[in-house]
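**Student:** As input, take work_11.cif (mmCIF, C-alpha atoms):
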data_structure
#
loop_
_atom_site.label_atom_id
_atom_site.label_comp_id
_atom_site.auth_asym_id
_atom_site.auth_seq_id
_atom_site.Cartn_x
_atom_site.Cartn_y
_atom_site.Cartn_z
CA MET A 275 0.00 0.00 0.00
CA SER A 276 2.86 2.42 0.80
CA SER A 277 4.37 1.86 -2.66
CA ALA A 278 1.00 2.64 -4.26
CA LEU A 279 0.68 5.78 -2.13
CA GLU A 280 4.14 6.97 -3.12
CA THR A 281 3.23 6.47 -6.76
CA LEU A 282 0.09 8.53 -6.17
CA ARG A 283 2.01 11.35 -4.48
CA SER A 284 4.40 11.71 -7.39
CA GLY A 285 1.76 12.90 -9.83
CA PHE A 286 -1.36 13.88 -7.88
CA GLY A 287 -2.21 17.55 -8.31
CA GLY A 288 -4.91 17.77 -5.66
CA ASP A 289 -4.96 17.24 -1.91
CA ILE A 290 -4.11 14.00 -0.11
CA ILE A 291 -5.56 14.07 3.39
CA GLU A 292 -4.44 11.37 5.83
CA PRO A 293 -5.20 10.50 9.48
CA GLY A 294 -3.60 12.99 11.81
CA GLY A 295 -3.77 15.81 9.30
CA ALA A 296 -5.47 19.07 10.19
CA GLU A 297 -8.37 18.51 7.80
CA TYR A 298 -8.86 14.80 8.31
CA GLU A 299 -11.63 14.91 10.92
CA THR A 300 -13.82 17.02 8.66
CA ALA A 301 -12.77 15.38 5.40
CA SER A 302 -13.37 11.85 6.64
CA ARG A 303 -17.08 12.35 7.30
CA THR A 304 -20.08 13.25 5.22
CA VAL A 305 -23.11 15.30 6.22
CA LEU A 306 -24.86 12.23 7.64
CA ALA A 307 -22.11 9.69 8.38
CA GLY A 308 -18.66 9.35 9.92
CA GLY A 309 -15.79 7.29 8.54
CA SER A 310 -12.13 6.42 8.97
CA PRO A 311 -10.64 6.10 5.48
CA VAL A 312 -6.94 5.54 4.85
CA CYS A 313 -6.98 8.80 2.94
CA VAL A 314 -9.27 11.36 1.36
CA LEU A 315 -8.29 12.55 -2.10
CA ARG A 316 -9.46 15.89 -3.47
CA PRO A 317 -8.61 15.85 -7.18
CA LYS A 318 -8.21 19.03 -9.17
CA SER A 319 -8.39 17.41 -12.59
CA VAL A 320 -9.69 14.39 -14.46
CA GLU A 321 -6.13 13.06 -14.43
CA ASP A 322 -6.18 13.26 -10.62
CA VAL A 323 -9.40 11.25 -10.57
CA GLN A 324 -7.76 8.61 -12.75
CA ALA A 325 -4.76 8.55 -10.39
CA GLY A 326 -7.05 8.13 -7.39
CA VAL A 327 -8.86 5.20 -8.97
CA ARG A 328 -5.51 3.62 -9.91
CA TYR A 329 -4.31 3.99 -6.32
CA ALA A 330 -7.41 2.31 -4.90
CA VAL A 331 -7.02 -0.59 -7.33
CA ASP A 332 -3.27 -1.00 -6.81
CA ALA A 333 -3.62 -0.83 -3.03
CA GLY A 334 -6.61 -3.16 -2.97
CA LEU A 335 -8.72 -0.66 -1.03
CA ALA A 336 -12.45 -0.01 -1.05
CA LEU A 337 -13.42 3.15 -2.91
CA ALA A 338 -15.98 5.78 -1.95
CA VAL A 339 -16.91 8.69 -4.20
CA ARG A 340 -18.26 11.92 -2.75
CA GLY A 341 -20.12 14.77 -4.38
CA GLY A 342 -22.26 16.74 -1.93
CA GLY A 343 -22.02 14.10 0.79
CA HIS A 344 -25.75 13.92 1.54
CA SER A 345 -26.20 10.17 1.07
CA PHE A 346 -28.32 8.78 3.90
CA PRO A 347 -26.35 5.50 4.03
CA GLY A 348 -23.06 7.45 4.04
CA PHE A 349 -21.80 6.34 0.62
CA GLY A 350 -19.38 9.28 0.51
CA THR A 351 -17.04 7.79 3.11
CA ASN A 352 -15.84 4.43 4.41
CA ASP A 353 -13.64 2.71 6.94
CA GLY A 354 -10.16 1.66 5.84
CA GLY A 355 -10.59 2.62 2.19
CA VAL A 356 -10.08 5.56 -0.16
CA VAL A 357 -12.44 8.50 -0.55
CA ILE A 358 -12.38 10.56 -3.74
CA ASP A 359 -13.99 13.90 -2.90
CA LEU A 360 -14.91 15.71 -6.12
CA GLY A 361 -15.57 19.08 -4.47
CA LYS A 362 -12.80 20.88 -6.38
CA LEU A 363 -14.35 19.87 -9.73
CA ALA A 364 -17.28 22.25 -9.44
CA SER A 365 -17.23 24.60 -12.42
CA VAL A 366 -20.52 25.64 -14.06
CA GLU A 367 -20.39 26.90 -17.66
CA VAL A 368 -22.97 27.68 -20.32
CA ILE A 369 -21.41 26.02 -23.39
CA ASP A 370 -24.18 26.62 -25.94
CA LYS A 371 -26.42 29.63 -25.36
CA GLU A 372 -28.87 28.80 -28.14
CA ARG A 373 -29.45 25.24 -26.93
CA HIS A 374 -29.09 26.21 -23.25
CA LEU A 375 -26.43 23.53 -22.78
CA VAL A 376 -24.63 23.70 -19.45
CA ARG A 377 -21.47 21.84 -18.42
CA ILE A 378 -21.20 21.18 -14.69
CA GLY A 379 -18.27 19.70 -12.78
CA GLY A 380 -18.92 16.37 -11.07
CA GLY A 381 -18.36 17.83 -7.61
CA ALA A 382 -20.69 20.83 -7.92
CA VAL A 383 -23.69 21.25 -5.65
CA TRP A 384 -27.06 22.52 -6.77
CA GLY A 385 -26.80 25.87 -5.00
CA GLN A 386 -23.69 26.66 -7.06
CA VAL A 387 -25.49 25.65 -10.24
CA ALA A 388 -28.61 27.70 -9.54
CA ALA A 389 -26.53 30.78 -8.67
CA ALA A 390 -24.35 30.44 -11.76
CA LEU A 391 -27.31 30.01 -14.12
CA ALA A 392 -29.42 32.82 -12.64
CA PRO A 393 -27.66 35.64 -14.59
CA HIS A 394 -28.44 33.71 -17.79
CA ASP A 395 -32.14 33.31 -16.80
CA LEU A 396 -31.68 29.54 -16.93
CA ALA A 397 -32.45 26.75 -14.48
CA ILE A 398 -32.42 22.98 -14.06
CA SER A 399 -35.06 21.27 -11.93
CA SER A 400 -32.85 19.90 -9.21
CA GLY A 401 -34.12 18.86 -5.83
CA ASP A 402 -34.66 21.33 -3.04
CA THR A 403 -31.34 21.72 -1.19
CA LYS A 404 -28.39 23.94 -2.10
CA SER A 405 -25.67 21.69 -0.70
CA VAL A 406 -26.85 18.45 -2.33
CA GLY A 407 -24.46 17.22 -5.00
CA VAL A 408 -25.32 17.31 -8.69
CA GLY A 409 -23.95 13.79 -9.10
CA GLY A 410 -25.76 11.96 -6.33
CA LEU A 411 -29.11 13.54 -7.07
CA THR A 412 -28.96 13.21 -10.85
CA LEU A 413 -27.63 9.68 -11.20
CA THR A 414 -30.49 8.22 -9.17
CA GLY A 415 -33.34 10.55 -10.16
CA GLY A 416 -33.77 14.18 -9.21
CA ILE A 417 -37.29 15.10 -8.05
CA GLY A 418 -37.15 18.88 -7.92
CA TRP A 419 -39.37 21.92 -7.76
CA LYS A 420 -40.13 21.83 -11.49
CA VAL A 421 -40.46 18.06 -11.81
CA ARG A 422 -44.01 18.01 -13.16
CA LYS A 423 -43.10 20.38 -16.01
CA TYR A 424 -39.51 19.40 -16.82
CA GLY A 425 -39.19 15.90 -15.42
CA LEU A 426 -36.39 14.49 -13.32
CA ALA A 427 -32.93 16.03 -13.26
CA LEU A 428 -31.69 12.97 -15.16
CA ASP A 429 -34.30 13.58 -17.87
CA ASN A 430 -32.47 16.79 -18.73
CA LEU A 431 -29.06 15.14 -18.94
CA VAL A 432 -27.43 15.23 -22.39
CA ALA A 433 -24.02 13.66 -21.74
CA VAL A 434 -21.42 12.95 -19.08
CA GLU A 435 -17.66 12.54 -18.89
CA LEU A 436 -16.95 9.32 -16.99
CA VAL A 437 -13.81 7.76 -15.53
CA THR A 438 -14.27 4.00 -15.65
CA ALA A 439 -12.74 1.24 -13.52
CA ASP A 440 -10.06 0.61 -16.15
CA LEU A 441 -9.12 4.33 -16.04
CA GLU A 442 -10.63 5.25 -19.40
CA VAL A 443 -12.21 8.68 -19.77
CA VAL A 444 -15.30 8.21 -21.92
CA ARG A 445 -18.04 10.46 -23.21
CA VAL A 446 -21.45 8.96 -22.53
CA SER A 447 -24.55 10.11 -24.43
CA GLU A 448 -27.34 8.83 -26.65
CA GLU A 449 -24.92 8.87 -29.58
CA THR A 450 -21.81 7.59 -27.76
CA ASN A 451 -22.10 4.59 -25.45
CA PRO A 452 -25.92 4.67 -25.47
CA GLU A 453 -26.41 1.60 -23.25
CA LEU A 454 -24.14 3.10 -20.61
CA PHE A 455 -26.07 6.36 -20.95
CA TRP A 456 -29.27 4.43 -20.27
CA ALA A 457 -27.67 2.88 -17.18
CA ILE A 458 -26.24 6.00 -15.55
CA ARG A 459 -29.65 7.70 -15.71
CA GLY A 460 -30.99 5.95 -12.62
CA GLY A 461 -28.22 3.42 -11.96
CA GLY A 462 -26.33 5.68 -9.57
CA GLY A 463 -22.56 5.56 -9.22
CA ASN A 464 -22.28 1.91 -10.22
CA PHE A 465 -20.37 2.47 -13.46
CA GLY A 466 -17.63 4.98 -12.76
CA ILE A 467 -16.93 8.51 -11.59
CA VAL A 468 -18.70 11.31 -13.44
CA THR A 469 -16.28 14.21 -13.69
CA ALA A 470 -18.59 16.44 -15.75
CA PHE A 471 -22.28 16.61 -16.65
CA GLU A 472 -23.90 18.29 -19.63
CA PHE A 473 -27.50 19.35 -19.10
CA ALA A 474 -30.11 21.01 -21.25
CA ALA A 475 -31.26 23.84 -18.99
CA HIS A 476 -34.50 25.74 -19.56
CA PRO A 477 -35.30 29.46 -19.54
CA THR A 478 -36.72 30.57 -16.21
CA THR A 479 -38.37 33.56 -14.61
CA ASP A 480 -38.96 34.19 -10.95
CA VAL A 481 -41.36 31.64 -9.49
CA PHE A 482 -44.18 31.75 -6.96
CA PHE A 483 -43.02 29.69 -4.03
CA GLY A 484 -43.91 29.21 -0.39
CA LYS A 485 -45.81 27.33 2.26
CA ILE A 486 -49.52 27.17 3.06
CA THR A 487 -50.39 25.66 6.43
CA PHE A 488 -53.57 24.02 7.76
CA PRO A 489 -54.57 22.66 11.19
CA ALA A 490 -53.47 19.12 12.01
CA THR A 491 -57.12 18.23 12.63
CA GLU A 492 -57.80 18.75 8.92
CA LEU A 493 -55.02 16.43 7.76
CA PRO A 494 -57.17 13.68 6.12
CA THR A 495 -59.26 16.17 4.14
CA VAL A 496 -56.29 18.26 3.06
CA LEU A 497 -54.29 15.21 1.97
CA GLN A 498 -57.02 13.68 -0.17
CA GLY A 499 -58.04 17.00 -1.68
CA TRP A 500 -54.42 17.88 -2.44
CA ALA A 501 -53.80 14.57 -4.24
CA ASP A 502 -57.03 14.82 -6.20
CA TYR A 503 -56.21 18.34 -7.34
CA LEU A 504 -52.56 17.68 -8.26
CA ARG A 505 -53.73 14.94 -10.61
CA THR A 506 -55.13 17.58 -13.00
CA ALA A 507 -53.33 20.75 -11.86
CA PRO A 508 -51.24 22.74 -14.34
CA GLU A 509 -47.83 21.14 -14.75
CA GLU A 510 -46.26 24.45 -13.81
CA LEU A 511 -47.33 23.59 -10.25
CA THR A 512 -45.26 21.20 -8.14
CA SER A 513 -46.09 20.56 -4.48
CA ILE A 514 -45.04 18.72 -1.32
CA VAL A 515 -47.20 18.02 1.73
CA SER A 516 -45.50 17.36 5.05
CA PHE A 517 -46.86 16.75 8.54
CA ALA A 518 -46.10 15.38 12.01
CA ASN A 519 -42.91 17.42 12.33
CA PRO A 520 -41.69 16.77 15.91
CA PHE A 521 -40.02 20.17 16.00
CA ALA A 522 -43.39 21.86 15.32
CA GLY A 523 -45.60 19.81 17.61
CA GLY A 524 -45.50 16.25 16.31
CA ARG A 525 -49.02 14.97 15.67
CA GLU A 526 -50.33 18.45 16.48
CA ALA A 527 -47.99 20.15 14.02
CA PRO A 528 -49.70 22.08 11.21
CA VAL A 529 -50.04 20.43 7.83
CA GLU A 530 -47.57 22.21 5.54
CA VAL A 531 -48.23 22.36 1.80
CA GLN A 532 -45.28 23.77 -0.11
CA VAL A 533 -45.97 24.96 -3.63
CA ALA A 534 -43.79 26.07 -6.53
CA PHE A 535 -45.43 27.65 -9.57
CA ASP A 536 -43.05 27.91 -12.51
CA GLY A 537 -43.82 31.37 -13.79
CA ASP A 538 -44.10 35.02 -12.73
CA ASP A 539 -47.66 35.72 -13.88
CA ALA A 540 -49.58 36.47 -10.68
CA ASP A 541 -52.99 35.67 -12.15
CA LEU A 542 -51.90 32.30 -13.56
CA ALA A 543 -50.18 31.48 -10.28
CA ALA A 544 -53.29 32.33 -8.27
CA THR A 545 -55.45 30.20 -10.57
CA ALA A 546 -53.11 27.25 -10.03
CA ILE A 547 -52.58 27.67 -6.28
CA ASP A 548 -55.99 28.86 -5.06
CA PRO A 549 -57.57 25.37 -5.17
CA ILE A 550 -54.99 24.32 -2.58
CA ARG A 551 -55.82 27.32 -0.44
CA GLY A 552 -59.43 26.17 -0.56
CA LEU A 553 -58.70 22.72 0.89
CA GLY A 554 -59.18 23.81 4.50
CA THR A 555 -58.64 26.49 7.14
CA VAL A 556 -55.52 28.39 6.11
CA LEU A 557 -53.39 29.24 9.15
CA ASP A 558 -50.60 30.87 7.21
CA ASP A 559 -49.81 31.62 3.57
CA GLU A 560 -46.20 32.48 2.74
CA VAL A 561 -46.34 32.16 -1.05
CA THR A 562 -44.38 34.96 -2.73
CA LEU A 563 -42.53 35.63 -5.98
CA LYS A 564 -38.87 34.63 -5.65
CA PRO A 565 -35.86 34.00 -7.89
CA TYR A 566 -35.61 30.27 -8.58
CA ALA A 567 -32.13 30.12 -7.03
CA ASP A 568 -33.56 31.43 -3.75
CA ILE A 569 -36.10 28.65 -3.26
CA LEU A 570 -33.42 26.02 -2.68
CA GLU A 571 -32.85 25.57 1.03
CA GLU A 572 -29.67 25.36 3.02
CA GLY A 573 -28.85 21.77 3.92
CA LEU A 574 -29.22 20.91 7.60
CA VAL A 575 -26.32 19.20 9.36
CA PRO A 576 -27.54 17.08 12.28
CA PRO A 577 -25.82 17.70 15.62
CA PRO A 578 -23.41 15.04 16.88
CA GLY A 579 -25.23 11.95 18.12
CA ILE A 580 -28.38 12.61 16.10
CA GLN A 581 -29.39 10.06 13.48
CA ILE A 582 -31.76 10.43 10.53
CA VAL A 583 -33.55 7.35 9.23
CA ALA A 584 -35.42 7.81 5.95
CA ARG A 585 -37.48 5.35 3.95
CA SER A 586 -39.38 6.00 0.72
CA ALA A 587 -41.85 4.40 -1.66
CA PHE A 588 -43.96 5.22 -4.70
CA VAL A 589 -47.75 5.23 -4.99
CA ASP A 590 -49.67 4.52 -8.18
CA LYS A 591 -53.00 6.26 -8.86
CA GLY A 592 -55.27 3.43 -7.70
CA SER A 593 -53.59 3.18 -4.30
CA VAL A 594 -53.49 6.88 -3.49
CA PRO A 595 -56.67 7.07 -1.32
CA GLU A 596 -55.70 4.10 0.87
CA VAL A 597 -52.08 5.17 1.29
CA LEU A 598 -53.09 8.68 2.26
CA ARG A 599 -55.60 7.28 4.76
CA ILE A 600 -52.89 5.13 6.36
CA LEU A 601 -50.39 7.99 6.46
CA ALA A 602 -52.97 10.35 7.97
CA GLU A 603 -53.67 7.82 10.73
CA ALA A 604 -49.93 7.49 11.34
CA GLY A 605 -49.60 11.26 11.54
CA ALA A 606 -52.19 11.33 14.32
CA SER A 607 -50.49 8.59 16.35
CA GLU A 608 -48.61 9.24 19.56
CA ARG A 609 -45.06 9.37 18.15
CA PRO A 610 -45.36 9.64 14.39
CA PRO A 611 -42.49 9.84 11.92
CA ILE A 612 -42.19 12.97 9.81
CA VAL A 613 -44.06 12.33 6.57
CA ALA A 614 -43.44 14.18 3.32
CA ILE A 615 -45.39 13.41 0.14
CA ARG A 616 -44.27 14.69 -3.25
CA SER A 617 -46.33 14.99 -6.40
CA VAL A 618 -44.73 13.56 -9.51
CA GLY A 619 -46.50 12.44 -12.70
CA GLY A 620 -46.59 15.06 -15.43
CA ALA A 621 -43.40 15.15 -17.48
CA VAL A 622 -41.93 12.24 -15.53
CA SER A 623 -44.68 9.87 -16.65
CA ARG A 624 -44.40 10.86 -20.31
CA VAL A 625 -40.92 9.34 -20.60
CA PRO A 626 -41.13 5.68 -21.69
CA ASP A 627 -40.63 3.22 -18.85
CA ASP A 628 -37.56 1.68 -20.46
CA ALA A 629 -35.93 4.92 -21.63
CA THR A 630 -33.75 5.19 -18.51
CA ALA A 631 -32.84 3.03 -15.53
CA TYR A 632 -35.17 5.10 -13.33
CA ALA A 633 -37.95 2.55 -13.06
CA HIS A 634 -40.90 4.33 -11.43
CA ARG A 635 -42.32 6.51 -14.19
CA GLN A 636 -46.02 5.87 -13.60
CA ALA A 637 -46.10 6.71 -9.89
CA GLU A 638 -48.39 9.56 -8.95
CA LEU A 639 -46.76 10.20 -5.57
CA MET A 640 -43.46 9.56 -3.82
CA PHE A 641 -43.44 9.74 -0.04
CA VAL A 642 -40.81 9.58 2.69
CA THR A 643 -41.01 8.76 6.37
CA THR A 644 -38.22 10.24 8.47
CA THR A 645 -37.28 9.55 12.07
CA VAL A 646 -34.81 11.89 13.77
CA GLY A 647 -33.14 11.57 17.17
CA PRO A 648 -30.40 9.97 19.24
CA PRO A 649 -29.95 6.20 18.84
CA PRO A 650 -32.20 5.27 21.80
CA ALA A 651 -35.06 7.33 20.36
CA ILE A 652 -34.54 5.81 16.92
CA GLU A 653 -34.60 2.32 18.43
CA ALA A 654 -37.73 3.06 20.44
CA ALA A 655 -39.51 4.31 17.32
CA GLN A 656 -38.64 1.28 15.20
CA PRO A 657 -41.50 -1.09 16.16
CA ALA A 658 -44.20 1.45 15.29
CA LEU A 659 -42.38 2.44 12.11
CA GLU A 660 -42.04 -1.17 10.97
CA ALA A 661 -45.72 -1.76 11.72
CA LEU A 662 -46.62 1.27 9.60
CA TRP A 663 -44.59 0.00 6.66
CA ARG A 664 -46.13 -3.46 6.96
CA THR A 665 -49.55 -1.83 6.68
CA LEU A 666 -48.42 0.21 3.68
CA ALA A 667 -46.70 -2.69 1.89
CA PRO A 668 -49.69 -3.98 -0.14
CA HIS A 669 -50.40 -0.50 -1.48
CA VAL A 670 -46.95 0.91 -2.37
CA ASN A 671 -44.11 -0.09 -4.63
CA GLY A 672 -40.43 0.50 -5.19
CA ALA A 673 -38.22 3.02 -3.45
CA TYR A 674 -36.54 6.30 -4.35
CA ALA A 675 -32.81 5.78 -3.81
CA ASN A 676 -32.14 9.37 -2.78
CA PHE A 677 -34.35 8.91 0.29
CA LEU A 678 -33.21 5.57 1.67
CA ALA A 679 -31.17 5.20 4.83
CA ALA A 680 -30.11 1.64 4.03
CA ALA A 681 -28.74 -0.33 1.10
CA THR A 682 -29.76 -3.91 1.81
CA GLU A 683 -30.58 -6.38 -0.94
CA ASP A 684 -34.25 -5.65 -0.33
CA ASP A 685 -33.59 -1.93 -0.73
CA VAL A 686 -31.72 -2.46 -4.00
CA ALA A 687 -34.54 -4.69 -5.26
CA ALA A 688 -37.04 -1.94 -4.45
CA VAL A 689 -35.01 0.66 -6.34
CA TYR A 690 -34.44 -1.61 -9.34
CA PRO A 691 -37.17 -4.03 -10.44
CA ALA A 692 -35.88 -7.36 -11.76
CA GLY A 693 -35.82 -6.43 -15.45
CA THR A 694 -34.07 -3.14 -14.80
CA TYR A 695 -31.57 -4.80 -12.48
CA GLN A 696 -30.64 -7.47 -15.02
CA ARG A 697 -30.02 -4.88 -17.72
CA LEU A 698 -27.93 -2.82 -15.29
CA ALA A 699 -25.94 -5.92 -14.30
CA ALA A 700 -25.06 -6.52 -17.95
CA VAL A 701 -23.68 -2.98 -18.22
CA LYS A 702 -21.88 -3.45 -14.92
CA ARG A 703 -20.16 -6.59 -16.23
CA GLN A 704 -18.88 -4.62 -19.18
CA TYR A 705 -17.60 -1.53 -17.35
CA ASP A 706 -16.90 -2.65 -13.78
CA PRO A 707 -16.59 -6.46 -13.65
CA ALA A 708 -14.68 -6.38 -10.35
CA ASN A 709 -17.32 -4.15 -8.72
CA LEU A 710 -14.85 -1.44 -7.76
CA PHE A 711 -17.72 1.07 -7.63
CA ALA A 712 -19.68 -0.71 -4.91
CA GLY A 713 -20.31 2.18 -2.51
CA ASN A 714 -23.89 2.73 -3.65
CA HIS A 715 -27.17 0.87 -3.99
CA ASN A 716 -25.05 -1.73 -5.60
CA VAL A 717 -25.73 -3.57 -8.81
CA ARG A 718 -23.43 -6.58 -8.77
CA PRO A 719 -21.86 -7.60 -12.08
CA GLU A 720 -22.93 -11.22 -11.76
CA SER A 721 -26.34 -12.15 -13.05
CA THR A 722 -29.06 -13.20 -10.60
CA GLU A 723 -31.26 -14.91 -13.19
#
Hey, can you dump this file as structure tokens for me?

**Tutor:**
Amino acid sequence: MSSALETLRSGFGGDIIEPGGAEYETASRTVLAGGSPVCVLRPKSVEDVQAGVRYAVDAGLALAVRGGGHSFPGFGTNDGGVVIDLGKLASVEVIDKERHLVRIGGGAVWGQVAAALAPHDLAISSGDTKSVGVGGLTLTGGIGWKVRKYGLALDNLVAVELVTADLEVVRVSEETNPELFWAIRGGGGNFGIVTAFEFAAHPTTDVFFGKITFPATELPTVLQGWADYLRTAPEELTSIVSFANPFAGGREAPVEVQVAFDGDDADLAATAIDPIRGLGTVLDDEVTLKPYADILEEGLVPPPGIQIVARSAFVDKGSVPEVLRILAEAGASERPPIVAIRSVGGAVSRVPDDATAYAHRQAELMFVTTTVGPPPAIEAAQPALEALWRTLAPHVNGAYANFLAAATEDDVAAVYPAGTYQRLAAVKRQYDPANLFAGNHNVRPESTE
């Protein structure tokens, strides 16, 4: 290992951070997980990324790749391995003004992208948090504030630059390596390290954005009415309902309906949003016109000793009423998890099911349960949470990888249905037969047929 490290030092242009160094304690952990890697590498170039991959292979060490570091299972770090932190590869450049093509470094976060595109009146629908990485969000989906109009973040991807396990730098697009392009759009980091993304951005104006709150006692009515309305609402409107926030009263916390209307026409926005305002007794209405870059939130870093356990699933149209009934009952229980329900459909559902490795095109809703607290509180909440998910099981399907705290075989099977998984495994065998890129919801190169 020391020989491999010396070889790395001789040509590595970025930072090599080792135990005992001043930056190691911070560099070794992600937002949601701690680790103790042999070293953390911060490449400054594609050649540095290649050198980092070569070092991991030559030293026989596990490899973790970090973008924004928001992975719930802590994929951006490890114990006893190598971490390649892409944070220095974060440039954002408009490369074709007429086609709105944007090239983004593999280590950029969405706040940087939104701020850089704002002077050009461009945007990419991209989650809801500034510090979330472009790579992690895009490669497994990307349900953002314009999802119903523009689809997932990965639906707006045109090409990537990828460093593979055998150290090749390849361009991946519909025209070049099309099967690999299919796989990376939903298959996560299983196939290499993306050092640059090319997106087709869209022109944007300011948007109407904010939160409308209702009493907890009106939760069942608000939920059902919200889902019914979003089914036919203008696709310019995207919305999230959340409730049972323990920091706002738990089961007595107000029902919060966040809305984003993609446009600056006040009359059109009112026409789209007013039916939500009419769902119940409005306690507060904070919807205002804002620059798109300003609606992304700062990422929260949990205090030491606090864990976050998230679990997600999709809901098809026929199951919506029953799932919402179950979730409303859970929200009124003594110690409920935080529940957030996101509208999808729209542009997402118009993409053919087999066009990308994202396998949940026809879902109408995606929801997440989140439990937050110190380990004893998490443990105490588990029985009720497991009972809730057993009740939900007959009515939900799949899982959204970006909101999963675990990466068990069952989790991977939920993210990737059998047909999708087998196709991904074939691509994996071609580009990463030794499964070097295993720090993810892992698709193993061997077939499971």

**Student:** Between atom CA of Gln656 of chain A and atom CA of His715 of chain A, what is the distance, to one decimal in Å?

**Tutor:**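 So the two atoms, atom CA of Gln656 of chain A and atom CA of His715 of chain A, lie 22.4 Å apart.
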
**Student:** Segment 335-352 of chain A: which residues within 8 Å, counting only C-alpha atoms, same-chain residues fewer than 3 positions away excluded, as a VMD selection string?

**Tutor:** chain A and resid 302 to 311 327 330 to 332 355 to 361 380 to 383 405 to 410 467 582 to 584 676 to 681 710 to 714

**Student:** Measuring between all atoms listed in the file, which one of A:His476, A:Val642, A:Arg459, A:Ser400 shows the shortest distance to Ser516 of chain A?

**Tutor:**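 Looking at the shortest contact to Ser516 of chain A, the residue is A:Val642.
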
**Student:** Please write the residues picked by the PyMOL selection byres ((chain A and resi 494) around 10) on this file as a list in words.

**Tutor:** Ala490, Thr491, Glu492, Leu493, Thr495, Val496, Leu497, Gln498, Gly499, Trp500, Val529, Pro595, Leu598, Arg599, Ile600, Leu601, Ala602, Glu603, Gly605 and Ala606 of chain A

**Student:** Which residues are near Lys318 of chain A? Cut-off 9 Å, only C-alpha atoms, ignore same chain within fewer than 3 positions. Put them as a ChimeraX atom specification.

**Tutor:** /A:286-289,321-323,360-363

**Student:** Segment 563-566 of chain A: which residues within 7 Å, counting all atoms listed in the file, same-chain residues fewer than 3 positions away excluded, as a list of chain:residue names?

**Tutor:**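 Within the cut-off, the hits are A:Asp480, A:Val481, A:Phe482, A:Phe483, A:Asp538, A:Ile569.
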
**Student:** Write out as a tab-separated table (two decimals) with C-alpha atoms, in the frame of the given file the residues lying within 12 Å of Ala629 of chain A, counting all atoms listed in the file and excluding same-chain residues fewer than 6 positions away.

**Tutor:**
chain	number	residue	atom	x	y	z
A	428	LEU	CA	-31.69	12.97	-15.16
A	429	ASP	CA	-34.30	13.58	-17.87
A	448	GLU	CA	-27.34	8.83	-26.65
A	452	PRO	CA	-25.92	4.67	-25.47
A	453	GLU	CA	-26.41	1.60	-23.25
A	454	LEU	CA	-24.14	3.10	-20.61
A	455	PHE	CA	-26.07	6.36	-20.95
A	456	TRP	CA	-29.27	4.43	-20.27
A	457	ALA	CA	-27.67	2.88	-17.18
A	458	ILE	CA	-26.24	6.00	-15.55
A	459	ARG	CA	-29.65	7.70	-15.71
A	460	GLY	CA	-30.99	5.95	-12.62
A	622	VAL	CA	-41.93	12.24	-15.53
A	623	SER	CA	-44.68	9.87	-16.65
A	635	ARG	CA	-42.32	6.51	-14.19
A	694	THR	CA	-34.07	-3.14	-14.80

**Student:** I need the residue nearest Ala392 of chain A from this list: A:Glu526, A:Val366, A:Thr682, A:Ala699. Use all atoms listed in the file for the distance.

**Tutor:**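 Using all atoms listed in the file, Ala392 of chain A sits closest to A:Val366.
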
**Student:** Just how far from atom CA of Pro317 of chain A is atom CA of Asn709 of chain A, in Å to one decimal?

**Tutor:**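 Between atom CA of Asn709 of chain A and atom CA of Pro317 of chain A the gap is 21.9 Å.
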
**Student:** Could you list, as a list in words, every residue matched by the PyMOL selection byres ((chain A and resi 367) around 8) in this structure?

**Tutor:**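 This file gives the following for the PyMOL selection byres ((chain A and resi 367) around 8): Ser365, Val366, Val368, Ile369, Val376, Arg377, Ile378 and Ala390 of chain A.
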
**Student:** Using only C-alpha atoms, which residues sit within 10 Å of Pro520 of chain A once same-chain residues fewer than 6 positions away are excluded, as a PyMOL selection string?

**Tutor:** chain A and resi 526-527+609-612+645-646
